[in-house]
>>> print(open('coords.tsv').read())   # TSV, C-alpha atoms
chain	number	residue	atom	x	y	z
B	1	MET	CA	90.60	163.25	-44.57
B	2	GLY	CA	91.08	161.66	-47.98
B	3	GLU	CA	89.97	158.56	-49.78
B	4	GLU	CA	93.31	156.90	-49.05
B	5	ALA	CA	92.73	157.13	-45.28
B	6	GLU	CA	89.25	155.65	-45.70
B	7	LYS	CA	90.58	152.69	-47.65
B	8	LYS	CA	93.34	152.14	-45.12
B	9	VAL	CA	91.17	152.24	-42.00
B	10	VAL	CA	88.63	149.85	-43.55
B	11	LYS	CA	91.44	147.52	-44.64
B	12	TYR	CA	92.96	147.50	-41.14
B	13	LEU	CA	89.57	146.92	-39.53
B	14	LYS	CA	88.79	143.97	-41.79
B	15	THR	CA	92.22	142.52	-41.03
B	16	LEU	CA	91.60	142.71	-37.28
B	17	VAL	CA	87.97	141.54	-37.33
B	18	SER	CA	88.87	138.46	-39.39
B	19	VAL	CA	90.87	137.17	-36.41
B	20	ARG	CA	88.82	135.77	-33.52
B	21	SER	CA	90.41	137.13	-30.34
B	22	VAL	CA	88.22	136.34	-27.34
B	23	SER	CA	89.73	137.10	-23.94
B	24	GLY	CA	92.90	135.08	-23.40
B	25	GLU	CA	93.28	134.24	-27.11
B	26	GLU	CA	94.60	137.54	-28.48
B	27	GLY	CA	97.98	136.30	-29.74
B	28	GLU	CA	97.32	136.33	-33.48
B	29	VAL	CA	95.65	139.74	-33.50
B	30	ALA	CA	98.47	141.12	-31.32
B	31	HIS	CA	101.03	140.13	-33.95
B	32	ARG	CA	98.90	141.63	-36.74
B	33	ILE	CA	98.67	144.91	-34.85
B	34	LYS	CA	102.44	144.98	-34.42
B	35	GLU	CA	102.89	144.33	-38.14
B	36	ILE	CA	100.62	147.28	-38.94
B	37	MET	CA	102.56	149.49	-36.52
B	38	ASP	CA	105.80	148.53	-38.25
B	39	ALA	CA	104.26	149.28	-41.66
B	40	GLU	CA	103.07	152.68	-40.39
B	41	GLY	CA	106.62	153.55	-39.37
B	42	VAL	CA	106.30	154.00	-35.61
B	43	ASP	CA	109.61	154.68	-33.91
B	44	LYS	CA	109.30	151.49	-31.86
B	45	ALA	CA	106.82	148.63	-31.81
B	46	PHE	CA	106.95	145.61	-29.52
B	47	ILE	CA	104.97	143.08	-27.53
B	48	ASP	CA	105.76	143.19	-23.81
B	49	GLU	CA	105.98	140.27	-21.38
B	50	TYR	CA	102.26	140.60	-20.54
B	51	GLY	CA	101.16	140.33	-24.18
B	52	ASN	CA	100.39	144.04	-24.62
B	53	VAL	CA	101.21	145.54	-28.02
B	54	ILE	CA	102.95	148.89	-27.65
B	55	GLY	CA	103.96	151.46	-30.24
B	56	VAL	CA	105.95	154.65	-29.67
B	57	VAL	CA	105.66	157.75	-31.85
B	58	LYS	CA	108.33	160.13	-30.60
B	59	GLY	CA	107.44	163.81	-30.35
B	60	GLY	CA	109.31	167.05	-29.96
B	61	ILE	CA	107.42	168.15	-26.86
B	62	ASP	CA	108.43	167.02	-23.37
B	63	LYS	CA	105.04	165.43	-22.63
B	64	CYS	CA	103.44	162.12	-23.51
B	65	ILE	CA	99.91	160.90	-24.14
B	66	VAL	CA	98.52	157.37	-24.47
B	67	TYR	CA	96.08	156.02	-27.03
B	68	GLU	CA	94.61	152.84	-25.57
B	69	GLY	CA	92.40	150.00	-26.66
B	70	HIS	CA	91.72	146.35	-25.93
B	71	MET	CA	92.31	143.53	-28.39
B	72	ASP	CA	89.88	141.03	-26.84
B	73	HIS	CA	86.18	140.76	-27.45
B	74	VAL	CA	83.24	138.73	-26.17
B	75	PRO	CA	82.22	135.45	-27.86
B	76	GLU	CA	79.93	135.53	-30.88
B	77	GLY	CA	76.99	133.77	-29.22
B	78	ASP	CA	74.34	131.93	-31.23
B	79	LEU	CA	75.46	132.13	-34.85
B	80	SER	CA	71.85	131.88	-36.06
B	81	ASN	CA	71.34	135.44	-34.79
B	82	TRP	CA	74.00	136.76	-37.17
B	83	GLU	CA	73.01	137.90	-40.65
B	84	THR	CA	76.67	137.81	-41.72
B	85	PRO	CA	79.45	135.57	-40.31
B	86	PRO	CA	81.01	137.43	-37.35
B	87	TYR	CA	84.61	136.93	-38.50
B	88	GLU	CA	84.05	137.58	-42.19
B	89	PRO	CA	83.72	141.39	-42.17
B	90	LYS	CA	81.41	142.78	-44.81
B	91	ILE	CA	80.44	146.27	-45.92
B	92	ILE	CA	76.68	146.79	-46.07
B	93	ASN	CA	75.12	150.22	-46.66
B	94	GLY	CA	78.27	152.07	-45.64
B	95	ARG	CA	78.88	150.04	-42.48
B	96	VAL	CA	81.43	147.36	-41.63
B	97	TYR	CA	79.78	144.35	-40.00
B	98	GLY	CA	81.51	141.83	-37.75
B	99	ARG	CA	82.31	140.96	-34.15
B	100	ALA	CA	84.33	143.71	-32.39
B	101	THR	CA	83.77	146.35	-35.07
B	102	VAL	CA	82.37	148.59	-32.30
B	103	ASP	CA	83.99	147.02	-29.24
B	104	MET	CA	86.63	147.93	-30.20
B	105	LYS	CA	88.66	147.04	-33.27
B	106	GLY	CA	87.18	149.96	-35.18
B	107	ALA	CA	88.92	152.35	-32.80
B	108	ILE	CA	92.18	150.39	-32.95
B	109	ALA	CA	92.12	150.52	-36.76
B	110	ALA	CA	91.47	154.27	-36.65
B	111	MET	CA	94.28	154.86	-34.13
B	112	LEU	CA	96.70	152.90	-36.32
B	113	THR	CA	95.62	154.81	-39.44
B	114	SER	CA	96.07	158.15	-37.68
B	115	ILE	CA	99.78	157.57	-36.93
B	116	SER	CA	101.09	158.99	-40.20
B	117	MET	CA	98.67	161.94	-40.06
B	118	ILE	CA	99.60	163.42	-36.69
B	119	ARG	CA	100.84	166.95	-37.16
B	120	GLU	CA	104.12	168.29	-35.78
B	121	PRO	CA	104.90	169.38	-33.18
B	122	HIS	CA	103.28	166.86	-30.84
B	123	PRO	CA	103.94	165.08	-27.54
B	124	THR	CA	105.33	161.56	-27.61
B	125	ILE	CA	102.44	159.20	-28.26
B	126	TYR	CA	102.23	155.68	-26.89
B	127	LEU	CA	99.80	153.28	-28.51
B	128	VAL	CA	98.89	150.63	-25.94
B	129	PHE	CA	96.67	147.70	-26.89
B	130	VAL	CA	95.87	145.24	-24.13
B	131	SER	CA	94.19	141.88	-23.60
B	132	GLN	CA	91.61	140.58	-21.10
B	133	GLU	CA	89.76	143.92	-20.75
B	134	GLU	CA	86.41	142.19	-21.12
B	135	ILE	CA	87.17	140.10	-18.02
B	136	ALA	CA	89.13	142.49	-15.78
B	137	GLU	CA	89.36	146.04	-17.08
B	138	GLY	CA	92.36	148.17	-16.19
B	139	ILE	CA	94.65	145.32	-15.08
B	140	LEU	CA	96.75	145.07	-18.25
B	141	LEU	CA	96.82	148.85	-18.78
B	142	GLN	CA	98.25	149.22	-15.28
B	143	TYR	CA	101.02	146.74	-16.03
B	144	ALA	CA	101.80	148.40	-19.37
B	145	LEU	CA	102.12	151.92	-17.94
B	146	GLU	CA	103.73	151.08	-14.59
B	147	ASN	CA	105.89	148.03	-15.34
B	148	THR	CA	106.66	148.04	-19.06
B	149	LEU	CA	106.85	151.76	-19.80
B	150	GLY	CA	107.18	153.42	-16.38
B	151	ILE	CA	105.43	156.56	-17.59
B	152	ASN	CA	102.97	159.06	-16.14
B	153	PRO	CA	101.16	160.41	-19.21
B	154	SER	CA	99.44	163.77	-19.33
B	155	LEU	CA	96.41	162.21	-20.99
B	156	VAL	CA	94.95	158.78	-21.77
B	157	VAL	CA	92.56	158.47	-24.73
B	158	LEU	CA	90.40	155.34	-24.63
B	159	GLY	CA	88.98	154.15	-27.93
B	160	GLU	CA	85.73	152.68	-26.61
B	161	ALA	CA	82.65	153.63	-28.61
B	162	THR	CA	81.30	157.12	-27.96
B	163	ASN	CA	79.44	157.93	-31.19
B	164	LEU	CA	82.31	160.42	-31.73
B	165	ASN	CA	81.49	162.25	-28.50
B	166	ILE	CA	83.99	162.79	-25.67
B	167	SER	CA	83.39	160.57	-22.65
B	168	ILE	CA	84.67	161.89	-19.33
B	169	GLY	CA	83.65	159.15	-16.91
B	170	GLN	CA	81.85	156.00	-15.94
B	171	ARG	CA	80.36	154.17	-12.97
B	172	GLY	CA	82.54	151.70	-11.12
B	173	ARG	CA	82.00	147.94	-11.20
B	174	ALA	CA	82.25	145.38	-8.42
B	175	VAL	CA	81.78	141.64	-8.63
B	176	ILE	CA	80.44	140.28	-5.34
B	177	HIS	CA	80.35	136.58	-4.52
B	178	ILE	CA	77.98	135.13	-1.94
B	179	LYS	CA	78.53	131.58	-0.72
B	180	ILE	CA	75.70	130.02	1.30
B	181	ARG	CA	76.11	126.84	3.34
B	182	GLY	CA	73.16	124.82	4.64
B	183	GLU	CA	72.50	121.13	5.32
B	184	THR	CA	71.16	118.42	3.03
B	185	ALA	CA	67.95	116.52	3.68
B	186	HIS	CA	65.47	114.38	1.79
B	187	ALA	CA	63.12	116.60	-0.23
B	188	SER	CA	60.17	114.81	1.35
B	189	MET	CA	61.40	115.95	4.78
B	190	PRO	CA	62.83	119.46	4.13
B	191	GLU	CA	62.45	120.45	7.78
B	192	LYS	CA	65.28	118.03	8.60
B	193	GLY	CA	67.78	120.10	6.63
B	194	MET	CA	68.71	123.70	5.95
B	195	ASN	CA	67.92	124.62	2.33
B	196	ALA	CA	70.68	126.78	0.85
B	197	LEU	CA	68.48	127.48	-2.18
B	198	ALA	CA	65.71	128.87	0.02
B	199	ALA	CA	68.31	131.06	1.75
B	200	SER	CA	69.54	132.28	-1.62
B	201	THR	CA	66.04	133.34	-2.71
B	202	PHE	CA	65.69	135.31	0.53
B	203	ILE	CA	69.06	137.00	-0.09
B	204	MET	CA	68.32	137.78	-3.75
B	205	ASP	CA	64.96	139.28	-2.87
B	206	ARG	CA	66.63	141.62	-0.37
B	207	VAL	CA	69.42	142.45	-2.83
B	208	LEU	CA	66.92	143.44	-5.51
B	209	LYS	CA	65.14	145.73	-3.04
B	210	LEU	CA	68.40	147.61	-2.50
B	211	LYS	CA	67.94	149.34	-5.86
B	212	ASN	CA	65.47	151.80	-4.33
B	213	LYS	CA	68.06	152.89	-1.76
B	214	LEU	CA	71.06	153.32	-4.05
B	215	PRO	CA	72.41	156.83	-4.78
B	216	SER	CA	72.54	158.63	-8.11
B	217	HIS	CA	74.90	161.13	-9.73
B	218	ARG	CA	74.03	163.96	-12.11
B	219	LEU	CA	76.52	162.69	-14.72
B	220	LEU	CA	76.87	158.98	-14.01
B	221	GLY	CA	73.24	158.19	-13.24
B	222	ARG	CA	72.02	155.78	-10.58
B	223	SER	CA	73.97	152.95	-9.01
B	224	THR	CA	72.64	149.47	-9.75
B	225	VAL	CA	72.76	146.00	-8.22
B	226	ILE	CA	71.62	142.77	-9.87
B	227	PRO	CA	72.19	139.03	-9.33
B	228	THR	CA	73.57	137.46	-12.51
B	229	ILE	CA	74.47	133.85	-11.57
B	230	ILE	CA	73.12	131.29	-9.12
B	231	GLU	CA	74.37	127.73	-8.71
B	232	CYS	CA	73.39	125.15	-6.10
B	233	THR	CA	74.70	121.70	-5.17
B	234	PRO	CA	74.05	118.83	-4.90
B	235	LYS	CA	71.88	118.88	-8.03
B	236	SER	CA	69.55	116.02	-7.11
B	237	PRO	CA	65.78	116.39	-7.60
B	238	PRO	CA	64.79	114.63	-4.32
B	239	MET	CA	67.43	116.39	-2.22
B	240	VAL	CA	67.65	119.72	-0.37
B	241	PRO	CA	70.88	121.47	-1.54
B	242	ASP	CA	73.43	122.43	1.10
B	243	HIS	CA	75.51	124.91	-0.94
B	244	CYS	CA	74.54	127.85	-3.14
B	245	PHE	CA	76.61	130.48	-4.92
B	246	ILE	CA	75.34	133.88	-6.10
B	247	ASN	CA	77.19	136.34	-8.34
B	248	ILE	CA	76.20	139.99	-7.92
B	249	ASP	CA	76.96	142.75	-10.42
B	250	ARG	CA	77.16	146.11	-8.64
B	251	ARG	CA	77.65	149.35	-10.57
B	252	PHE	CA	78.41	152.37	-8.41
B	253	ILE	CA	79.05	156.11	-8.56
B	254	VAL	CA	81.94	158.19	-7.26
B	255	GLY	CA	81.83	158.47	-3.49
B	256	GLU	CA	80.79	154.87	-2.87
B	257	ASP	CA	83.61	152.76	-1.45
B	258	GLU	CA	84.21	149.05	-1.03
B	259	ASP	CA	83.27	148.97	2.67
B	260	LYS	CA	79.86	150.51	1.92
B	261	ILE	CA	79.18	148.24	-1.04
B	262	LEU	CA	80.12	145.02	0.75
B	263	GLY	CA	78.46	146.22	3.95
B	264	GLU	CA	75.04	146.42	2.27
B	265	ILE	CA	75.23	142.77	1.23
B	266	ARG	CA	76.67	141.58	4.54
B	267	ILE	CA	73.72	143.10	6.41
B	268	ILE	CA	71.42	140.95	4.25
B	269	ALA	CA	73.60	137.88	4.83
B	270	ASN	CA	73.35	138.41	8.59
B	271	GLU	CA	69.56	138.62	8.32
B	272	ALA	CA	69.55	135.18	6.67
B	273	LEU	CA	71.65	133.80	9.52
B	274	GLU	CA	69.43	135.40	12.16
B	275	LYS	CA	66.40	133.75	10.57
B	276	ASN	CA	68.22	130.41	10.71
B	277	LEU	CA	68.06	130.02	6.93
B	278	ALA	CA	71.71	129.03	6.59
B	279	ARG	CA	74.63	127.77	8.64
B	280	ASP	CA	77.04	130.26	7.10
B	281	VAL	CA	77.04	133.03	4.48
B	282	GLU	CA	80.29	134.42	3.04
B	283	VAL	CA	80.36	137.74	1.13
B	284	TYR	CA	83.53	138.86	-0.67
B	285	ILE	CA	85.19	140.40	-3.74
B	286	PRO	CA	86.73	137.56	-5.80
B	287	VAL	CA	90.38	137.43	-6.84
B	288	ASP	CA	91.19	135.43	-9.99
B	289	GLN	CA	94.23	134.44	-11.99
B	290	LEU	CA	93.93	135.89	-15.50
B	291	PRO	CA	95.45	133.55	-18.11
B	292	LEU	CA	97.21	135.66	-20.74
B	293	TRP	CA	97.59	134.60	-24.36
B	294	ASN	CA	101.36	134.16	-23.97
B	295	GLY	CA	101.02	131.67	-21.12
B	296	LYS	CA	101.57	134.04	-18.22
B	297	LYS	CA	99.02	134.82	-15.51
B	298	LEU	CA	98.12	137.97	-13.63
B	299	GLU	CA	96.09	138.41	-10.47
B	300	ALA	CA	92.85	140.34	-10.86
B	301	ARG	CA	90.68	141.57	-8.02
B	302	HIS	CA	87.22	142.39	-9.31
B	303	PHE	CA	86.66	145.84	-7.84
B	304	PHE	CA	86.97	148.67	-10.36
B	305	PRO	CA	86.47	152.29	-9.22
B	306	ALA	CA	84.17	154.92	-10.72
B	307	TRP	CA	85.76	158.03	-12.19
B	308	ILE	CA	85.10	161.42	-13.71
B	309	THR	CA	87.73	163.52	-15.47
B	310	GLU	CA	87.64	167.19	-14.59
B	311	ARG	CA	86.76	169.48	-17.48
B	312	SER	CA	90.09	171.25	-17.46
B	313	ARG	CA	91.16	173.76	-20.09
B	314	VAL	CA	92.87	170.99	-22.07
B	315	ILE	CA	89.82	168.70	-21.94
B	316	LYS	CA	87.57	171.56	-23.06
B	317	ARG	CA	90.09	172.41	-25.79
B	318	ILE	CA	89.89	168.82	-27.08
B	319	LEU	CA	86.10	169.02	-27.34
B	320	ARG	CA	86.29	172.38	-29.16
B	321	LEU	CA	88.84	170.95	-31.57
B	322	ILE	CA	86.69	167.88	-32.31
B	323	LYS	CA	83.57	170.03	-32.76
B	324	THR	CA	85.21	172.53	-35.10
B	325	LYS	CA	87.45	170.19	-37.10
B	326	VAL	CA	85.82	166.76	-37.03
B	327	PHE	CA	82.24	166.39	-35.76
B	328	SER	CA	80.13	169.43	-34.95
B	329	ASP	CA	77.62	167.46	-32.84
B	330	SER	CA	80.25	166.13	-30.43
B	331	SER	CA	79.58	166.75	-26.73
B	332	PHE	CA	80.65	165.52	-23.30
B	333	ILE	CA	79.07	162.22	-22.24
B	334	THR	CA	79.66	159.43	-19.73
B	335	TRP	CA	79.63	155.69	-20.38
B	336	ARG	CA	77.16	153.22	-18.89
B	337	PHE	CA	79.68	150.38	-19.11
B	338	SER	CA	83.14	149.94	-17.57
B	339	THR	CA	86.49	150.57	-19.30
B	340	ASP	CA	90.25	150.53	-18.74
B	341	GLY	CA	89.79	154.05	-17.36
B	342	VAL	CA	89.18	152.39	-13.98
B	343	TYR	CA	92.97	152.25	-13.74
B	344	SER	CA	94.12	155.37	-15.58
B	345	ALA	CA	91.57	157.75	-14.03
B	346	GLY	CA	90.07	155.80	-11.14
B	347	MET	CA	93.32	154.54	-9.59
B	348	ALA	CA	96.20	156.53	-11.07
B	349	GLY	CA	94.41	159.88	-11.35
B	350	ILE	CA	95.55	160.45	-14.94
B	351	PRO	CA	93.25	162.72	-16.99
B	352	THR	CA	91.34	160.26	-19.18
B	353	ILE	CA	88.82	160.67	-21.96
B	354	GLY	CA	87.04	158.37	-24.36
B	355	TYR	CA	86.69	158.99	-28.08
B	356	GLY	CA	85.69	156.28	-30.49
B	357	PRO	CA	83.60	155.34	-33.52
B	358	GLY	CA	80.33	153.46	-33.27
B	359	ASP	CA	77.23	153.17	-31.12
B	360	GLU	CA	77.95	151.67	-27.70
B	361	SER	CA	74.53	149.96	-27.64
B	362	LEU	CA	75.71	147.61	-30.43
B	363	ALA	CA	78.60	146.28	-28.34
B	364	HIS	CA	78.33	142.54	-27.54
B	365	LYS	CA	75.31	142.16	-29.83
B	366	PRO	CA	74.95	140.03	-32.97
B	367	ASN	CA	75.37	141.96	-36.22
B	368	GLU	CA	77.66	144.47	-34.52
B	369	ASN	CA	78.64	147.16	-37.02
B	370	VAL	CA	80.33	150.54	-37.35
B	371	PRO	CA	79.70	153.28	-39.96
B	372	ILE	CA	82.65	153.91	-42.26
B	373	LYS	CA	81.99	157.63	-41.83
B	374	HIS	CA	82.63	157.18	-38.10
B	375	LEU	CA	85.90	155.39	-38.78
B	376	VAL	CA	87.11	158.24	-40.99
B	377	LYS	CA	86.14	160.89	-38.45
B	378	ALA	CA	87.81	158.88	-35.69
B	379	VAL	CA	91.04	158.86	-37.70
B	380	GLU	CA	90.80	162.64	-38.02
B	381	GLY	CA	90.07	163.03	-34.34
B	382	TYR	CA	92.97	160.85	-33.21
B	383	SER	CA	95.31	162.73	-35.53
B	384	ARG	CA	94.22	166.10	-34.06
B	385	ILE	CA	93.86	165.42	-30.31
B	386	PRO	CA	97.64	165.87	-29.78
B	387	GLU	CA	97.28	169.48	-31.01
B	388	ALA	CA	95.18	170.28	-27.96
B	389	ASN	CA	97.91	168.89	-25.69
B	390	ILE	CA	100.85	170.96	-26.97
B	391	ARG	CA	100.33	173.48	-24.16
B	392	LEU	CA	99.90	170.84	-21.44
>>> encode(input="coords.tsv", output="structure tokens")
Amino acid sequence: MGEEAEKKVVKYLKTLVSVRSVSGEEGEVAHRIKEIMDAEGVDKAFIDEYGNVIGVVKGGIDKCIVYEGHMDHVPEGDLSNWETPPYEPKIINGRVYGRATVDMKGAIAAMLTSISMIREPHPTIYLVFVSQEEIAEGILLQYALENTLGINPSLVVLGEATNLNISIGQRGRAVIHIKIRGETAHASMPEKGMNALAASTFIMDRVLKLKNKLPSHRLLGRSTVIPTIIECTPKSPPMVPDHCFINIDRRFIVGEDEDKILGEIRIIANEALEKNLARDVEVYIPVDQLPLWNGKKLEARHFFPAWITERSRVIKRILRLIKTKVFSDSSFITWRFSTDGVYSAGMAGIPTIGYGPGDESLAHKPNENVPIKHLVKAVEGYSRIPEANIRL
């Protein structure tokens, strides 16, 4: 991989990082990605009705694969924690610094750079870059593959950070809402009311104790459960609150289903009712309307399945190819976080892998950065993965 490719991938990454594209505000970066696709000479590049940017590189083999990434990123947080401005990418000691360099504009830049380097013959390659992944992973990828393209690819390659390893799975993610209803009273006479905040502390204590009972998986690790948000009303110092809301983050392994996951929390809710701590407790998976950057909205239900891709001959062939041609230390791993693979692998059953530059532990952190050496090797990897799929 030559000096020209290195200059190009760094240039593309700087172009993308310089545009702030938090979830729901991806319009400008979407148009820049399409412009790069056009410059790279893809056979077709367009933005679909959901705001996804899609490129098509036609191949001579009657198969297709998808290279996928998300254009959105999390906010920058407290700017005083950044040593360099998050949207003014800088090269320091062989690394590009800036928000989304790891998660995941570095991978998008490498995928775009690899287009002109893919060797013939190859399957048709679809480049699919989506929005709102940070909020509801998999939703926009599903619409792109099912509604816009109507394809059933032989392989999906996610560009999330893997340190140039090959990821073959992840735990699932569920958002669980708990709504607690009590009765207000003067704080000097709490026995006259039913304190929703006291009920919430009882529920959270029981939820935290669930961690010792949750199952584990040899590849995915242990399931987890943690409260992340609590809000109570009315917010009046001398008043017992009559409503509380708790948000639960539940990560789970393959084999755990929605009924089991909700059932654990509902048992706790019933205990609170039996102890007369609340008048009512509601436990449910929330459904939201996702506002897209182009003004449209999509419905998102916040339950995202776990998945593991079988180590088929093709998947093993990809790892061998990466190890021998690109990065000798590459191995199979699984992610700790959630990705768009919840749709491709978890729902649609499409063989899915992850391959991307950067250290996943830097995602969402200040001073996020990616090594230029990783970017170059990612370009090489993306250009070679289709070789392993010729015999699909």
>>> closest_residue(input="coords.tsv", among="B:Gly60, B:Pro227, B:Gly150, B:Pro371", to="Val207 in chain B", atoms="all atoms listed in the file")
B:Pro227
>>> closest_atom_pairs(input="coords.tsv", of="range 107-148 of chain B", to="range 351-358 of chain B", cutoff="10 Å", atoms="all atoms listed in the file", output="CSV")
residue,atom,partner,partner_atom,distance
B:Ala107,CA,B:Gly356,CA,5.6
B:Ile108,CA,B:Gly356,CA,9.1
B:Ala110,CA,B:Pro357,CA,8.5
B:Met111,CA,B:Gly356,CA,9.4
>>> residues_near_point(input="coords.tsv", point="(90.4, 146.2, -38.7)", cutoff="12 Å", atoms="only C-alpha atoms", output="short mmCIF file (atom, residue, chain, number, x, y, z; two decimals) with C-alpha atoms, in the frame of the given file")
data_model
loop_
_atom_site.label_atom_id
_atom_site.label_comp_id
_atom_site.auth_asym_id
_atom_site.auth_seq_id
_atom_site.Cartn_x
_atom_site.Cartn_y
_atom_site.Cartn_z
CA GLU B 6 89.25 155.65 -45.70
CA LYS B 7 90.58 152.69 -47.65
CA LYS B 8 93.34 152.14 -45.12
CA VAL B 9 91.17 152.24 -42.00
CA VAL B 10 88.63 149.85 -43.55
CA LYS B 11 91.44 147.52 -44.64
CA TYR B 12 92.96 147.50 -41.14
CA LEU B 13 89.57 146.92 -39.53
CA LYS B 14 88.79 143.97 -41.79
CA THR B 15 92.22 142.52 -41.03
CA LEU B 16 91.60 142.71 -37.28
CA VAL B 17 87.97 141.54 -37.33
CA SER B 18 88.87 138.46 -39.39
CA VAL B 19 90.87 137.17 -36.41
CA ARG B 20 88.82 135.77 -33.52
CA VAL B 29 95.65 139.74 -33.50
CA ARG B 32 98.90 141.63 -36.74
CA ILE B 33 98.67 144.91 -34.85
CA ILE B 36 100.62 147.28 -38.94
CA MET B 71 92.31 143.53 -28.39
CA TYR B 87 84.61 136.93 -38.50
CA GLU B 88 84.05 137.58 -42.19
CA PRO B 89 83.72 141.39 -42.17
CA LYS B 90 81.41 142.78 -44.81
CA VAL B 96 81.43 147.36 -41.63
CA TYR B 97 79.78 144.35 -40.00
CA GLY B 98 81.51 141.83 -37.75
CA ARG B 99 82.31 140.96 -34.15
CA ALA B 100 84.33 143.71 -32.39
CA THR B 101 83.77 146.35 -35.07
CA VAL B 102 82.37 148.59 -32.30
CA ASP B 103 83.99 147.02 -29.24
CA MET B 104 86.63 147.93 -30.20
CA LYS B 105 88.66 147.04 -33.27
CA GLY B 106 87.18 149.96 -35.18
CA ALA B 107 88.92 152.35 -32.80
CA ILE B 108 92.18 150.39 -32.95
CA ALA B 109 92.12 150.52 -36.76
CA ALA B 110 91.47 154.27 -36.65
CA MET B 111 94.28 154.86 -34.13
CA LEU B 112 96.70 152.90 -36.32
CA THR B 113 95.62 154.81 -39.44
CA ASN B 369 78.64 147.16 -37.02
CA VAL B 370 80.33 150.54 -37.35
CA ILE B 372 82.65 153.91 -42.26
CA LEU B 375 85.90 155.39 -38.78
#
>>> residues_around(input="coords.tsv", residues="Gly221 in chain B", least_positions_apart="2", cutoff="10 Å", atoms="all atoms listed in the file", output="ChimeraX atom specification")
/B:170-171,215-219,223-224,252-253,334-336
>>> closest_residue(input="coords.tsv", among="B:Asn270, B:Asn389, B:Asn247, B:Asn294", to="Arg317 in chain B", atoms="all atoms listed in the file")
B:Asn389
>>> closest_residue(input="coords.tsv", among="B:Gly24, B:Gly193, B:Gly69, B:Pro238", to="Val53 in chain B", atoms="only C-alpha atoms")
B:Gly69
>>> closest_residue(input="coords.tsv", among="B:Lys316, B:Lys325, B:Lys211, B:Lys192", to="Ala378 in chain B", atoms="only C-alpha atoms")
B:Lys325
>>> residues_around(input="coords.tsv", residues="Thr201 in chain B", least_positions_apart="3", cutoff="12 Å", atoms="all atoms listed in the file", output="list in words")
Ile180, Asn195, Ala196, Leu197, Ala198, Met204, Asp205, Arg206, Val207, Leu208, Pro227, Ile230, Glu231, Cys232, Cys244, Phe245, Ile246, Ile268, Ala269, Ala272, Leu277 and Ala278 of chain B
>>> axis_aligned_box(input="coords.tsv", around="range 8-15 of chain B", padding_each_side="8 Å", output="AutoDock Vina command-line options")
--center_x 91.0 --center_y 147.4 --center_z -42.3 --size_x 20.7 --size_y 25.7 --size_z 21.6
>>> residues_around(input="coords.tsv", residues="Leu149 in chain B", least_positions_apart="6", cutoff="10 Å", atoms="all atoms listed in the file", output="ChimeraX atom specification")
/B:48,54,126,143
>>> residues_around(input="coords.tsv", residues="Arg320 in chain B", least_positions_apart="2", cutoff="12 Å", atoms="all atoms listed in the file", output="list in words")
Asn165, Ile166, Arg313, Val314, Ile315, Lys316, Arg317, Ile318, Ile322, Lys323, Thr324, Lys325, Val326, Phe327, Ser328, Asp329, Ser330, Ser331, Phe332, Gly381, Arg384, Ile385, Glu387 and Ala388 of chain B
>>> write_last_selection(input="coords.tsv", atoms="C-alpha atoms", output="mmCIF file, keeping the file's coordinate frame")
data_model
loop_
_atom_site.group_PDB
_atom_site.id
_atom_site.type_symbol
_atom_site.label_atom_id
_atom_site.label_comp_id
_atom_site.auth_asym_id
_atom_site.auth_seq_id
_atom_site.Cartn_x
_atom_site.Cartn_y
_atom_site.Cartn_z
ATOM 1 C CA ASN B 165 81.490 162.250 -28.500
ATOM 2 C CA ILE B 166 83.990 162.790 -25.670
ATOM 3 C CA ARG B 313 91.160 173.760 -20.090
ATOM 4 C CA VAL B 314 92.870 170.990 -22.070
ATOM 5 C CA ILE B 315 89.820 168.700 -21.940
ATOM 6 C CA LYS B 316 87.570 171.560 -23.060
ATOM 7 C CA ARG B 317 90.090 172.410 -25.790
ATOM 8 C CA ILE B 318 89.890 168.820 -27.080
ATOM 9 C CA ILE B 322 86.690 167.880 -32.310
ATOM 10 C CA LYS B 323 83.570 170.030 -32.760
ATOM 11 C CA THR B 324 85.210 172.530 -35.100
ATOM 12 C CA LYS B 325 87.450 170.190 -37.100
ATOM 13 C CA VAL B 326 85.820 166.760 -37.030
ATOM 14 C CA PHE B 327 82.240 166.390 -35.760
ATOM 15 C CA SER B 328 80.130 169.430 -34.950
ATOM 16 C CA ASP B 329 77.620 167.460 -32.840
ATOM 17 C CA SER B 330 80.250 166.130 -30.430
ATOM 18 C CA SER B 331 79.580 166.750 -26.730
ATOM 19 C CA PHE B 332 80.650 165.520 -23.300
ATOM 20 C CA GLY B 381 90.070 163.030 -34.340
ATOM 21 C CA ARG B 384 94.220 166.100 -34.060
ATOM 22 C CA ILE B 385 93.860 165.420 -30.310
ATOM 23 C CA GLU B 387 97.280 169.480 -31.010
ATOM 24 C CA ALA B 388 95.180 170.280 -27.960
#
>>> atom_distance(input="coords.tsv", atom1="CA of Arg301 in chain B", atom2="CA of Leu262 in chain B")
14.2 Å
>>> decode(input="coords.tsv", residues="range 158-169 of chain B", atoms="C-alpha atoms", output="compact mmCIF listing (two decimals), in the first residue's frame")
# COMPACT_ATOMS: atom_id res chain seq x y z
CA LEU B 158 -18.84 -3.44 9.67
CA GLY B 159 -16.14 -0.81 10.05
CA GLU B 160 -16.34 -0.40 13.82
CA ALA B 161 -12.96 -0.35 15.57
CA THR B 162 -11.33 -3.75 16.05
CA ASN B 163 -7.63 -2.89 16.29
CA LEU B 164 -7.43 -4.60 12.86
CA ASN B 165 -8.77 -7.86 14.28
CA ILE B 166 -11.87 -9.64 12.94
CA SER B 167 -14.91 -9.32 15.19
CA ILE B 168 -17.49 -12.08 14.91
CA GLY B 169 -20.10 -11.02 17.46
